[in-house]
$ cat target-v5.csv   # CSV, C-alpha atoms and all ligand atoms
chain,number,residue,atom,x,y,z
J,91,MET,CA,-31.5,30.5,42.7
J,92,ARG,CA,-28.3,28.6,43.0
J,93,VAL,CA,-28.1,25.5,40.8
J,94,GLY,CA,-25.7,22.6,41.4
J,95,LEU,CA,-25.0,20.5,38.3
J,96,LEU,CA,-23.4,17.1,38.2
J,97,THR,CA,-22.6,14.5,35.6
J,98,GLY,CA,-22.9,10.8,36.6
J,99,GLY,CA,-22.3,7.4,35.1
J,100,GLY,CA,-20.4,6.7,31.9
J,101,ASP,CA,-19.4,9.9,30.0
J,102,CYS,CA,-21.0,10.7,26.8
J,103,PRO,CA,-20.5,13.3,23.9
J,104,GLY,CA,-22.8,16.2,24.6
J,105,LEU,CA,-22.5,16.4,28.4
J,106,ASN,CA,-20.5,19.7,28.2
J,107,ALA,CA,-23.1,21.1,25.8
J,108,VAL,CA,-25.8,20.5,28.4
J,109,ILE,CA,-23.7,22.2,31.1
J,110,ARG,CA,-23.2,25.2,28.8
J,111,ALA,CA,-26.9,25.4,27.9
J,112,VAL,CA,-28.1,25.2,31.5
J,113,VAL,CA,-25.8,28.0,32.5
J,114,ARG,CA,-26.5,30.2,29.5
J,115,ARG,CA,-30.3,29.8,30.0
J,116,GLY,CA,-30.0,30.5,33.7
J,117,LEU,CA,-27.9,33.6,33.3
J,118,ARG,CA,-30.8,35.2,31.4
J,119,GLU,CA,-32.6,35.3,34.8
J,120,GLU,CA,-31.6,37.7,37.6
J,121,SER,CA,-29.5,36.4,40.5
J,122,THR,CA,-29.0,32.9,39.3
J,123,THR,CA,-25.6,31.3,40.0
J,124,PHE,CA,-24.2,27.9,39.3
J,125,CYS,CA,-21.7,25.4,40.7
J,126,GLY,CA,-20.7,22.0,39.3
J,127,PHE,CA,-20.0,19.1,41.7
J,128,ARG,CA,-16.9,17.1,40.7
J,129,SER,CA,-17.2,13.5,39.6
J,130,GLY,CA,-20.9,12.9,39.9
J,131,TRP,CA,-22.5,12.0,43.3
J,132,ALA,CA,-18.9,11.5,44.6
J,133,GLY,CA,-18.3,15.2,44.5
J,134,VAL,CA,-21.6,15.9,46.2
J,135,LEU,CA,-20.7,13.6,49.0
J,136,ALA,CA,-17.2,15.0,49.3
J,137,GLY,CA,-18.4,18.6,49.1
J,138,GLU,CA,-16.2,19.3,46.0
J,139,TRP,CA,-17.5,21.8,43.5
J,140,VAL,CA,-16.3,24.5,41.1
J,141,GLU,CA,-18.1,27.7,40.2
J,142,LEU,CA,-19.7,27.8,36.8
J,143,ASP,CA,-20.3,31.0,34.9
J,144,ARG,CA,-20.4,32.4,31.4
J,145,LYS,CA,-16.6,32.3,31.1
J,146,SER,CA,-16.0,28.8,32.5
J,147,THR,CA,-18.7,27.3,30.3
J,148,SER,CA,-17.5,29.0,27.1
J,149,ALA,CA,-16.3,26.8,24.1
J,150,LEU,CA,-17.9,23.7,25.6
J,151,LEU,CA,-20.3,22.9,22.7
J,152,PRO,CA,-18.0,20.7,20.7
J,153,ARG,CA,-16.0,19.3,23.6
J,154,GLY,CA,-16.4,15.6,24.4
J,155,GLY,CA,-16.4,14.1,27.9
J,156,THR,CA,-17.4,16.2,30.9
J,157,ILE,CA,-15.5,19.2,32.4
J,158,LEU,CA,-17.0,18.1,35.8
J,159,GLY,CA,-15.7,14.6,35.7
J,160,THR,CA,-17.9,11.6,36.4
J,161,SER,CA,-18.2,8.5,38.5
J,162,ARG,CA,-20.5,5.7,39.3
J,163,THR,CA,-20.7,6.5,43.0
J,164,ASN,CA,-24.1,5.7,44.5
J,165,PRO,CA,-25.0,7.7,47.7
J,166,PHE,CA,-27.5,5.0,48.6
J,167,SER,CA,-25.2,2.0,48.1
J,168,ASN,CA,-25.4,-0.7,50.8
J,169,GLY,CA,-28.5,0.8,52.3
J,170,ALA,CA,-26.8,4.1,53.2
J,171,ASP,CA,-28.8,7.2,54.0
J,172,GLY,CA,-27.9,9.2,50.9
J,173,VAL,CA,-30.3,12.1,51.7
J,174,THR,CA,-28.5,13.7,54.7
J,175,PRO,CA,-25.0,14.0,53.2
J,176,VAL,CA,-26.5,15.4,50.0
J,177,ARG,CA,-28.6,17.9,51.9
J,178,GLU,CA,-25.5,19.0,54.0
J,179,SER,CA,-23.4,19.4,50.9
J,180,MET,CA,-26.0,21.4,49.1
J,181,GLU,CA,-26.2,23.7,52.1
J,182,LYS,CA,-22.4,24.1,52.2
J,183,ALA,CA,-22.4,25.0,48.5
J,184,GLY,CA,-25.4,27.3,48.9
J,185,VAL,CA,-27.3,25.2,46.3
J,186,ASN,CA,-31.1,25.0,46.3
J,187,VAL,CA,-31.7,23.1,43.1
J,188,LEU,CA,-29.8,20.1,41.7
J,189,ILE,CA,-29.6,19.3,38.0
J,190,PRO,CA,-28.1,15.8,37.6
J,191,ILE,CA,-27.2,14.7,34.1
J,192,GLY,CA,-27.1,10.9,33.9
J,193,GLY,CA,-28.6,7.6,33.1
J,194,ASP,CA,-31.0,5.4,35.1
J,195,ASP,CA,-28.5,5.0,38.0
J,196,THR,CA,-27.8,8.8,38.4
J,197,LEU,CA,-31.5,9.6,37.9
J,198,GLY,CA,-32.6,6.8,40.2
J,199,VAL,CA,-30.6,8.6,42.9
J,200,ALA,CA,-32.3,11.9,41.8
J,201,LEU,CA,-35.7,10.3,42.2
J,202,LYS,CA,-34.9,9.2,45.8
J,203,LEU,CA,-33.7,12.8,46.6
J,204,HIS,CA,-36.8,14.2,45.1
J,205,GLU,CA,-39.0,11.9,47.2
J,206,ALA,CA,-37.1,13.3,50.2
J,207,GLY,CA,-38.1,16.8,49.2
J,208,ILE,CA,-34.9,18.0,47.5
J,209,PRO,CA,-35.6,20.1,44.3
J,210,VAL,CA,-34.2,18.1,41.4
J,211,VAL,CA,-34.6,18.3,37.6
J,212,GLY,CA,-33.0,15.4,35.6
J,213,VAL,CA,-31.4,15.4,32.2
J,214,PRO,CA,-31.2,12.0,30.4
J,215,LYS,CA,-27.8,10.7,29.3
J,216,THR,CA,-26.7,7.4,27.9
J,217,ILE,CA,-25.0,6.5,24.7
J,218,ASP,CA,-26.9,3.2,24.9
J,219,ASN,CA,-30.2,5.1,24.3
J,220,ASP,CA,-32.0,2.7,26.7
J,221,LEU,CA,-33.5,5.2,29.1
J,222,GLY,CA,-37.2,5.3,29.4
J,223,ALA,CA,-39.5,8.3,28.7
J,224,THR,CA,-37.3,9.8,26.0
J,225,ASP,CA,-37.2,8.8,22.4
J,226,PHE,CA,-33.5,9.6,22.2
J,227,THR,CA,-30.6,10.5,24.4
J,228,PHE,CA,-27.7,12.7,23.3
J,229,GLY,CA,-24.5,10.8,22.6
J,230,PHE,CA,-26.3,7.9,21.0
J,231,GLN,CA,-26.2,9.3,17.5
J,232,THR,CA,-22.4,10.1,17.9
J,233,ALA,CA,-21.8,6.5,19.0
J,234,VAL,CA,-23.7,5.2,16.1
J,235,GLN,CA,-21.7,7.3,13.7
J,236,ILE,CA,-18.4,6.2,15.1
J,237,ALA,CA,-19.5,2.5,14.9
J,238,THR,CA,-20.8,3.0,11.4
J,239,ASP,CA,-17.5,4.5,10.2
J,240,ALA,CA,-15.7,1.5,11.8
J,241,ILE,CA,-18.0,-1.0,10.1
J,242,ASP,CA,-17.4,0.7,6.7
J,243,ARG,CA,-13.7,0.3,7.3
J,244,LEU,CA,-14.1,-3.3,8.3
J,245,HIS,CA,-16.0,-4.0,5.1
J,246,THR,CA,-13.0,-3.2,2.8
J,247,THR,CA,-10.5,-5.2,4.8
J,248,ALA,CA,-13.0,-8.1,5.2
J,249,GLU,CA,-13.5,-8.2,1.5
J,250,SER,CA,-9.8,-8.1,0.7
J,251,HIS,CA,-9.0,-11.0,3.1
J,252,ASN,CA,-12.1,-13.1,2.6
J,253,ARG,CA,-12.8,-12.9,6.3
J,254,VAL,CA,-15.7,-12.8,8.7
J,255,MET,CA,-15.4,-9.6,10.8
J,256,VAL,CA,-17.1,-9.4,14.2
J,257,CYS,CA,-17.6,-5.9,15.5
J,258,GLU,CA,-18.5,-5.6,19.2
J,259,VAL,CA,-20.3,-2.4,20.2
J,260,MET,CA,-21.6,-1.0,23.4
J,261,GLY,CA,-25.1,-1.8,24.7
J,262,ARG,CA,-25.5,-3.5,28.0
J,263,HIS,CA,-29.2,-4.2,28.1
J,264,ALA,CA,-30.3,-2.9,24.7
J,265,GLY,CA,-29.2,-3.3,21.2
J,266,TRP,CA,-29.9,0.2,19.9
J,267,ILE,CA,-26.3,1.0,18.9
J,268,ALA,CA,-25.8,-2.4,17.4
J,269,THR,CA,-29.0,-2.2,15.3
J,270,TYR,CA,-28.6,1.4,14.1
J,271,ALA,CA,-24.9,1.0,13.3
J,272,GLY,CA,-25.5,-2.5,11.8
J,273,MET,CA,-28.3,-1.1,9.6
J,274,ALA,CA,-26.2,1.9,8.6
J,275,GLY,CA,-23.1,-0.2,7.9
J,276,GLY,CA,-24.9,-3.1,6.0
J,277,ALA,CA,-24.2,-5.8,8.6
J,278,ASP,CA,-25.0,-9.4,7.6
J,279,ALA,CA,-26.1,-10.2,11.2
J,280,ILE,CA,-26.8,-8.1,14.2
J,281,LEU,CA,-26.9,-9.7,17.7
J,282,VAL,CA,-28.6,-7.8,20.5
J,283,PRO,CA,-29.3,-8.4,24.2
J,284,GLU,CA,-33.0,-8.5,23.7
J,285,ARG,CA,-32.8,-11.7,21.6
J,286,ALA,CA,-30.7,-14.7,22.6
J,287,PHE,CA,-29.0,-15.9,19.4
J,288,ASP,CA,-28.4,-19.4,18.0
J,289,VAL,CA,-24.8,-19.6,17.0
J,290,ASP,CA,-25.4,-22.8,14.9
J,291,ALA,CA,-28.1,-21.1,12.9
J,292,LEU,CA,-25.9,-18.1,12.4
J,293,CYS,CA,-23.1,-20.2,11.1
J,294,GLU,CA,-25.4,-22.0,8.7
J,295,ARG,CA,-26.5,-18.7,7.3
J,296,LEU,CA,-22.9,-17.6,6.9
J,297,LYS,CA,-22.1,-20.8,5.0
J,298,VAL,CA,-25.0,-20.2,2.7
J,299,ARG,CA,-24.0,-16.6,2.1
J,300,HIS,CA,-20.4,-17.6,1.3
J,301,LYS,CA,-21.6,-20.5,-1.0
J,302,SER,CA,-23.7,-17.9,-2.9
J,303,GLY,CA,-20.6,-15.9,-4.0
J,304,TRP,CA,-19.7,-13.6,-1.1
J,305,SER,CA,-16.4,-14.3,0.5
J,306,PHE,CA,-16.8,-12.1,3.6
J,307,SER,CA,-19.3,-11.2,6.2
J,308,ILE,CA,-19.8,-8.5,8.8
J,309,ILE,CA,-21.4,-9.3,12.2
J,310,VAL,CA,-22.3,-6.6,14.7
J,311,VAL,CA,-22.7,-7.8,18.2
J,312,ALA,CA,-23.8,-5.7,21.2
J,313,GLU,CA,-21.6,-6.4,24.3
J,314,GLY,CA,-24.7,-7.6,26.2
J,315,ALA,CA,-25.8,-10.1,23.6
J,316,THR,CA,-26.1,-13.7,24.8
J,317,PRO,CA,-26.2,-17.0,23.0
J,318,ILE,CA,-29.2,-19.3,23.7
J,319,GLU,CA,-28.7,-21.3,26.9
J,320,GLY,CA,-26.2,-24.1,26.8
J,321,SER,CA,-24.5,-23.2,23.5
J,322,PHE,CA,-21.3,-21.4,24.7
J,323,SER,CA,-20.4,-19.1,27.5
J,324,THR,CA,-18.7,-15.7,27.8
J,325,ILE,CA,-16.5,-14.4,30.5
J,326,ALA,CA,-18.2,-12.9,33.6
J,327,GLN,CA,-16.6,-9.6,34.9
J,328,ASP,CA,-16.9,-7.6,38.1
J,329,THR,CA,-19.8,-5.3,39.0
J,330,ASP,CA,-20.0,-1.5,39.8
J,331,ALA,CA,-21.7,0.3,42.8
J,332,PHE,CA,-25.1,0.1,41.1
J,333,GLY,CA,-24.6,-3.7,40.6
J,334,HIS,CA,-24.1,-3.7,36.8
J,335,ALA,CA,-21.8,-6.3,35.4
J,336,ARG,CA,-18.8,-5.0,33.5
J,337,LEU,CA,-19.3,-6.6,30.1
J,338,GLY,CA,-16.9,-7.5,27.3
J,339,GLY,CA,-15.8,-10.7,25.7
J,340,ILE,CA,-18.8,-11.8,23.6
J,341,GLY,CA,-17.0,-10.7,20.4
J,342,ASP,CA,-14.0,-12.9,21.0
J,343,ALA,CA,-16.1,-15.9,22.1
J,344,LEU,CA,-18.3,-15.5,19.1
J,345,ALA,CA,-15.5,-15.2,16.6
J,346,GLN,CA,-13.9,-18.4,18.0
J,347,GLN,CA,-17.2,-20.3,17.6
J,348,ILE,CA,-17.6,-19.0,14.0
J,349,GLU,CA,-14.2,-20.1,13.0
J,350,GLU,CA,-14.6,-23.5,14.6
J,351,LYS,CA,-18.0,-24.1,13.1
J,352,THR,CA,-17.5,-22.7,9.6
J,353,GLY,CA,-13.8,-22.8,9.0
J,354,PHE,CA,-14.0,-19.1,7.8
J,355,GLU,CA,-11.1,-17.0,9.0
J,356,THR,CA,-12.6,-14.6,11.5
J,357,ARG,CA,-11.4,-11.4,13.2
J,358,VAL,CA,-12.8,-9.3,16.1
J,359,THR,CA,-12.8,-5.5,16.6
J,360,VAL,CA,-14.1,-4.3,20.0
J,361,LEU,CA,-14.9,-0.6,19.6
J,362,GLY,CA,-15.2,0.0,23.4
J,363,HIS,CA,-14.8,3.5,24.7
J,364,VAL,CA,-13.9,4.9,21.3
J,365,GLN,CA,-17.7,5.1,20.9
J,366,ARG,CA,-18.0,7.4,23.9
J,367,GLY,CA,-15.0,9.7,23.2
J,368,GLY,CA,-14.6,12.9,21.2
J,369,THR,CA,-16.8,15.6,19.8
J,370,PRO,CA,-20.6,15.1,19.6
J,371,THR,CA,-22.3,15.2,16.2
J,372,ALA,CA,-24.4,18.2,15.3
J,373,TYR,CA,-27.6,16.3,16.1
J,374,ASP,CA,-26.3,15.5,19.6
J,375,ARG,CA,-25.1,19.1,20.2
J,376,VAL,CA,-28.6,20.4,19.4
J,377,LEU,CA,-30.4,17.7,21.5
J,378,ALA,CA,-28.0,18.4,24.4
J,379,THR,CA,-28.6,22.1,24.1
J,380,ARG,CA,-32.4,21.7,24.0
J,381,PHE,CA,-32.3,19.4,27.1
J,382,GLY,CA,-30.1,21.9,29.0
J,383,VAL,CA,-32.3,24.9,28.2
J,384,ALA,CA,-35.5,22.9,29.0
J,385,ALA,CA,-34.0,21.6,32.3
J,386,MET,CA,-33.2,25.2,33.4
J,387,GLU,CA,-36.7,26.3,32.4
J,388,ALA,CA,-38.3,23.6,34.5
J,389,ALA,CA,-36.2,24.8,37.5
J,390,ILE,CA,-37.1,28.4,36.9
J,391,GLY,CA,-40.8,27.3,36.8
J,392,GLY,CA,-40.4,25.4,40.0
J,393,ARG,CA,-41.3,22.1,38.3
J,394,PHE,CA,-39.2,19.5,40.2
J,395,GLY,CA,-39.1,15.7,40.2
J,396,VAL,CA,-39.1,15.8,36.4
J,397,MET,CA,-36.7,14.8,33.7
J,398,VAL,CA,-36.6,16.5,30.3
J,399,GLY,CA,-37.0,14.2,27.4
J,400,LEU,CA,-37.6,14.0,23.6
J,401,SER,CA,-41.0,12.9,22.4
J,402,GLY,CA,-41.1,12.9,18.6
J,403,THR,CA,-39.5,16.2,17.8
J,404,ASP,CA,-40.7,18.0,21.0
J,405,ILE,CA,-38.9,18.5,24.3
J,406,VAL,CA,-41.2,17.4,27.2
J,407,GLU,CA,-41.0,17.1,30.9
J,408,VAL,CA,-41.7,13.6,32.3
J,409,ALA,CA,-41.8,12.3,35.9
J,410,LEU,CA,-38.4,11.0,37.0
J,411,ALA,CA,-40.2,7.9,38.2
J,412,ASP,CA,-41.3,7.1,34.6
J,413,ALA,CA,-37.8,7.6,33.3
J,414,VAL,CA,-36.1,5.1,35.6
J,415,SER,CA,-38.8,2.5,36.0
J,416,SER,CA,-37.5,0.1,33.3
J,417,PRO,CA,-35.0,0.3,30.4
J,418,LYS,CA,-36.2,1.2,27.0
J,419,LEU,CA,-35.5,-1.9,24.9
J,420,LEU,CA,-35.1,-2.1,21.2
J,421,ASP,CA,-38.1,-1.6,19.0
J,422,PRO,CA,-38.9,-5.1,17.6
J,423,GLY,CA,-40.1,-3.5,14.4
J,424,LEU,CA,-36.8,-1.8,13.8
J,425,TYR,CA,-35.0,-5.1,14.4
J,426,GLU,CA,-37.3,-6.8,11.9
J,427,THR,CA,-36.5,-4.2,9.3
J,428,ALA,CA,-32.8,-4.7,9.9
J,429,SER,CA,-33.1,-8.4,9.6
J,430,VAL,CA,-34.4,-8.1,6.0
J,431,PHE,CA,-30.7,-7.5,5.1
J,432,PHE,CA,-29.2,-10.4,7.2
J,433,ALA,CA,-27.4,-13.3,5.6
N,501,LIG,O1,-23.8,2.7,30.2
N,501,LIG,C1,-23.1,3.2,29.2
N,501,LIG,C2,-21.9,2.3,28.9
N,501,LIG,O2,-21.1,2.9,27.9
N,501,LIG,C3,-22.3,0.9,28.5
N,501,LIG,O3,-22.6,0.7,27.1
N,501,LIG,C4,-21.1,0.1,28.9
N,501,LIG,O4,-21.4,-1.2,29.2
N,501,LIG,C5,-20.6,0.8,30.1
N,501,LIG,O5,-21.1,2.1,30.0
N,501,LIG,C6,-19.1,0.8,30.2
N,501,LIG,O6,-18.8,1.3,31.4
N,501,LIG,P1,-17.3,1.8,31.9
N,501,LIG,O7,-17.0,3.0,31.2
N,501,LIG,O8,-17.5,2.0,33.4
N,501,LIG,O9,-16.4,0.7,31.5

$ encode --input "target-v5.csv" --output "structure tokens" --more "lines below"
Ligand code: F6P
Amino acid sequence: MRVGLLTGGGDCPGLNAVIRAVVRRGLREESTTFCGFRSGWAGVLAGEWVELDRKSTSALLPRGGTILGTSRTNPFSNGADGVTPVRESMEKAGVNVLIPIGGDDTLGVALKLHEAGIPVVGVPKTIDNDLGATDFTFGFQTAVQIATDAIDRLHTTAESHNRVMVCEVMGRHAGWIATYAGMAGGADAILVPERAFDVDALCERLKVRHKSGWSFSIIVVAEGATPIEGSFSTIAQDTDAFGHARLGGIGDALAQQIEEKTGFETRVTVLGHVQRGGTPTAYDRVLATRFGVAAMEAAIGGRFGVMVGLSGTDIVEVALADAVSSPKLLDPGLYETASVFFA
């Protein structure tokens, strides 16, 4: 068997740990070799790959990013026939199994290739944790830890200056990072894409809190959070090859509203890509390793068209179609628990 790996979409701490685990598990079988396509589907289309072996995948466990590079290239964009060039490239590289590591976009492509008869096993990846059919994705916990550390730091400076601090975190469609980091950091409000927020109500709550003796407040806002219609607008940005809007700007717009409506001095911190960089936490290294080993075992067993996932504490195989059908939105019960601590 010759396996072709690729990493697609936004990078994420733990990608390299998956690559290492796939190769290490595969090398326990006879005559298994590996190559890594460069820059996601872009490298498959361009026929650019590197050999992967024991040596070239050594020391990858703690390393952030992806040694293969990544992109948001979509072989099927604008109605293109993505299957033929992928098949040709696989033939050139001598690859008979693909293991793409990615989110709904990368795995959506994998599903189309599977439907065309190409042997594929998917590995879920997104720091947003919004991919279906898996309880958690690696990288999420690392992002939450980074955001929590930042919120802790914002607390002390907020308190010293009597300020409202708005901390904008990632989360395009789902407020998992915002809710976990907000709960862990003791936020006074958490704003998520799943629930449009009322800025007037928020400001009233902040006023009550500040009248009751607190001189500062911490608000965590997911980049995809939106105010209720007609209240205020945020800046629209461009879109990528999968049609996703590039977000950013809600933190600034919100801070301006808060300052205007409450008179409280307000500052914004946009954590951005800091959340995706650097070394994965121990939890994410273990999850990534388990996913990599399980993906290779699915390939060895000839089980294709599946994605490995986490169900409770078990690693499972699920149909790719189930994984990409709809995003996994925030658990409403978790948000209710977080809201017990809101201002
Ligand atoms: O999908 C993961 C993610 O980190 C989102 O949270 C964020 O909106 C997006 O990627 C940012 O993408 P880029 O790195 O292309 O700016």

$ residues_near_ligand --input "target-v5.csv" --ligand "ligand LIG 501 (chain N)" --cutoff "6 Å" --atoms "only C-alpha atoms and all ligand atoms" --output "mmCIF file with C-alpha atoms, in the frame of the given file"
data_model
loop_
_atom_site.group_PDB
_atom_site.id
_atom_site.type_symbol
_atom_site.label_atom_id
_atom_site.label_comp_id
_atom_site.auth_asym_id
_atom_site.auth_seq_id
_atom_site.Cartn_x
_atom_site.Cartn_y
_atom_site.Cartn_z
ATOM 1 C CA GLY J 100 -20.400 6.700 31.900
ATOM 2 C CA THR J 216 -26.700 7.400 27.900
ATOM 3 C CA ILE J 217 -25.000 6.500 24.700
ATOM 4 C CA ASP J 218 -26.900 3.200 24.900
ATOM 5 C CA MET J 260 -21.600 -1.000 23.400
ATOM 6 C CA GLY J 261 -25.100 -1.800 24.700
ATOM 7 C CA ARG J 262 -25.500 -3.500 28.000
ATOM 8 C CA LEU J 337 -19.300 -6.600 30.100
#

$ closest_residue --input "target-v5.csv" --among "J:Leu201, J:Leu150, J:Val289, J:Leu281" --to "Ile309 in chain J" --atoms "all atoms listed in the file"
J:Leu281

$ atom_distance --input "target-v5.csv" --atom1 "CA of Gly341 in chain J" --atom2 "CA of Thr371 in chain J"
26.8 Å

$ closest_residue --input "target-v5.csv" --among "J:Ala433, J:Gly99, J:Val211, J:Arg177" --to "His334 in chain J" --atoms "all atoms listed in the file"
J:Gly99

$ closest_atom_pairs --input "target-v5.csv" --of "range 393-427 of chain J" --to "range 378-387 of chain J" --cutoff "8 Å" --atoms "only C-alpha atoms" --output "Markdown table"
| residue | atom | partner | partner_atom | distance |
| --- | --- | --- | --- | --- |
| J:Met397 | CA | J:Ala385 | CA | 7.4 |
| J:Val398 | CA | J:Ala385 | CA | 6.1 |
| J:Gly399 | CA | J:Phe381 | CA | 7.0 |
| J:Ile405 | CA | J:Phe381 | CA | 7.2 |

$ atom_distance --input "target-v5.csv" --atom1 "CA of Tyr425 in chain J" --atom2 "CA of Asp374 in chain J"
23.0 Å

$ closest_residue --input "target-v5.csv" --among "J:Phe166, J:Gly353, J:Glu294, J:Asp194" --to "Ala223 in chain J" --atoms "only C-alpha atoms"
J:Asp194

$ closest_residue --input "target-v5.csv" --among "J:Ala286, J:Val108, J:Ala331, J:Met255" --to "Arg162 in chain J" --atoms "only C-alpha atoms"
J:Ala331

$ closest_residue --input "target-v5.csv" --among "J:Cys102, J:Ile189, J:Ala413, J:Met180" --to "Arg375 in chain J" --atoms "only C-alpha atoms"
J:Cys102

$ closest_residue --input "target-v5.csv" --among "J:Ala200, J:Ile348, J:Val310, J:Gly154" --to "Thr232 in chain J" --atoms "all atoms listed in the file"
J:Gly154

$ atom_distance --input "target-v5.csv" --atom1 "CA of Gly126 in chain J" --atom2 "CA of Leu96 in chain J"
5.7 Å

$ residues_around --input "target-v5.csv" --residues "Gly116 in chain J" --least-positions-apart "5" --cutoff "10 Å" --atoms "only C-alpha atoms" --output "compact mmCIF listing (two decimals) with C-alpha atoms, keeping the file's coordinate frame"
# COMPACT_ATOMS: atom_id res chain seq x y z
CA MET J 91 -31.50 30.50 42.70
CA ARG J 92 -28.30 28.60 43.00
CA VAL J 93 -28.10 25.50 40.80
CA ARG J 110 -23.20 25.20 28.80
CA ALA J 111 -26.90 25.40 27.90
CA SER J 121 -29.50 36.40 40.50
CA THR J 122 -29.00 32.90 39.30
CA THR J 123 -25.60 31.30 40.00
CA PHE J 124 -24.20 27.90 39.30
CA ASP J 143 -20.30 31.00 34.90
CA GLY J 382 -30.10 21.90 29.00
CA VAL J 383 -32.30 24.90 28.20
CA ALA J 385 -34.00 21.60 32.30
CA MET J 386 -33.20 25.20 33.40
CA GLU J 387 -36.70 26.30 32.40
CA ALA J 389 -36.20 24.80 37.50
CA ILE J 390 -37.10 28.40 36.90

$ residues_around --input "target-v5.csv" --residues "Gly395 in chain J" --least-positions-apart "6" --cutoff "6 Å" --atoms "all atoms listed in the file" --output "list in words"
His204, Val210, Val211 and Leu410 of chain J

$ residues_around --input "target-v5.csv" --residues "Ala248 in chain J" --least-positions-apart "2" --cutoff "10 Å" --atoms "all atoms listed in the file" --output "PyMOL selection string"
chain J and resi 241-246+250-256+305-308+355-357

$ write_last_selection --input "target-v5.csv" --atoms "C-alpha atoms" --output "short mmCIF file (atom, residue, chain, number, x, y, z; two decimals), in the frame of the given file"
data_model
loop_
_atom_site.label_atom_id
_atom_site.label_comp_id
_atom_site.auth_asym_id
_atom_site.auth_seq_id
_atom_site.Cartn_x
_atom_site.Cartn_y
_atom_site.Cartn_z
CA ILE J 241 -18.00 -1.00 10.10
CA ASP J 242 -17.40 0.70 6.70
CA ARG J 243 -13.70 0.30 7.30
CA LEU J 244 -14.10 -3.30 8.30
CA HIS J 245 -16.00 -4.00 5.10
CA THR J 246 -13.00 -3.20 2.80
CA SER J 250 -9.80 -8.10 0.70
CA HIS J 251 -9.00 -11.00 3.10
CA ASN J 252 -12.10 -13.10 2.60
CA ARG J 253 -12.80 -12.90 6.30
CA VAL J 254 -15.70 -12.80 8.70
CA MET J 255 -15.40 -9.60 10.80
CA VAL J 256 -17.10 -9.40 14.20
CA SER J 305 -16.40 -14.30 0.50
CA PHE J 306 -16.80 -12.10 3.60
CA SER J 307 -19.30 -11.20 6.20
CA ILE J 308 -19.80 -8.50 8.80
CA GLU J 355 -11.10 -17.00 9.00
CA THR J 356 -12.60 -14.60 11.50
CA ARG J 357 -11.40 -11.40 13.20
#

$ axis_aligned_box --input "target-v5.csv" --around "range 152-162 of chain J" --padding-each-side "4 Å" --output "AutoDock Vina command-line options"
--center_x -18.0 --center_y 13.2 --center_z 30.0 --size_x 13.0 --size_y 23.0 --size_z 26.6
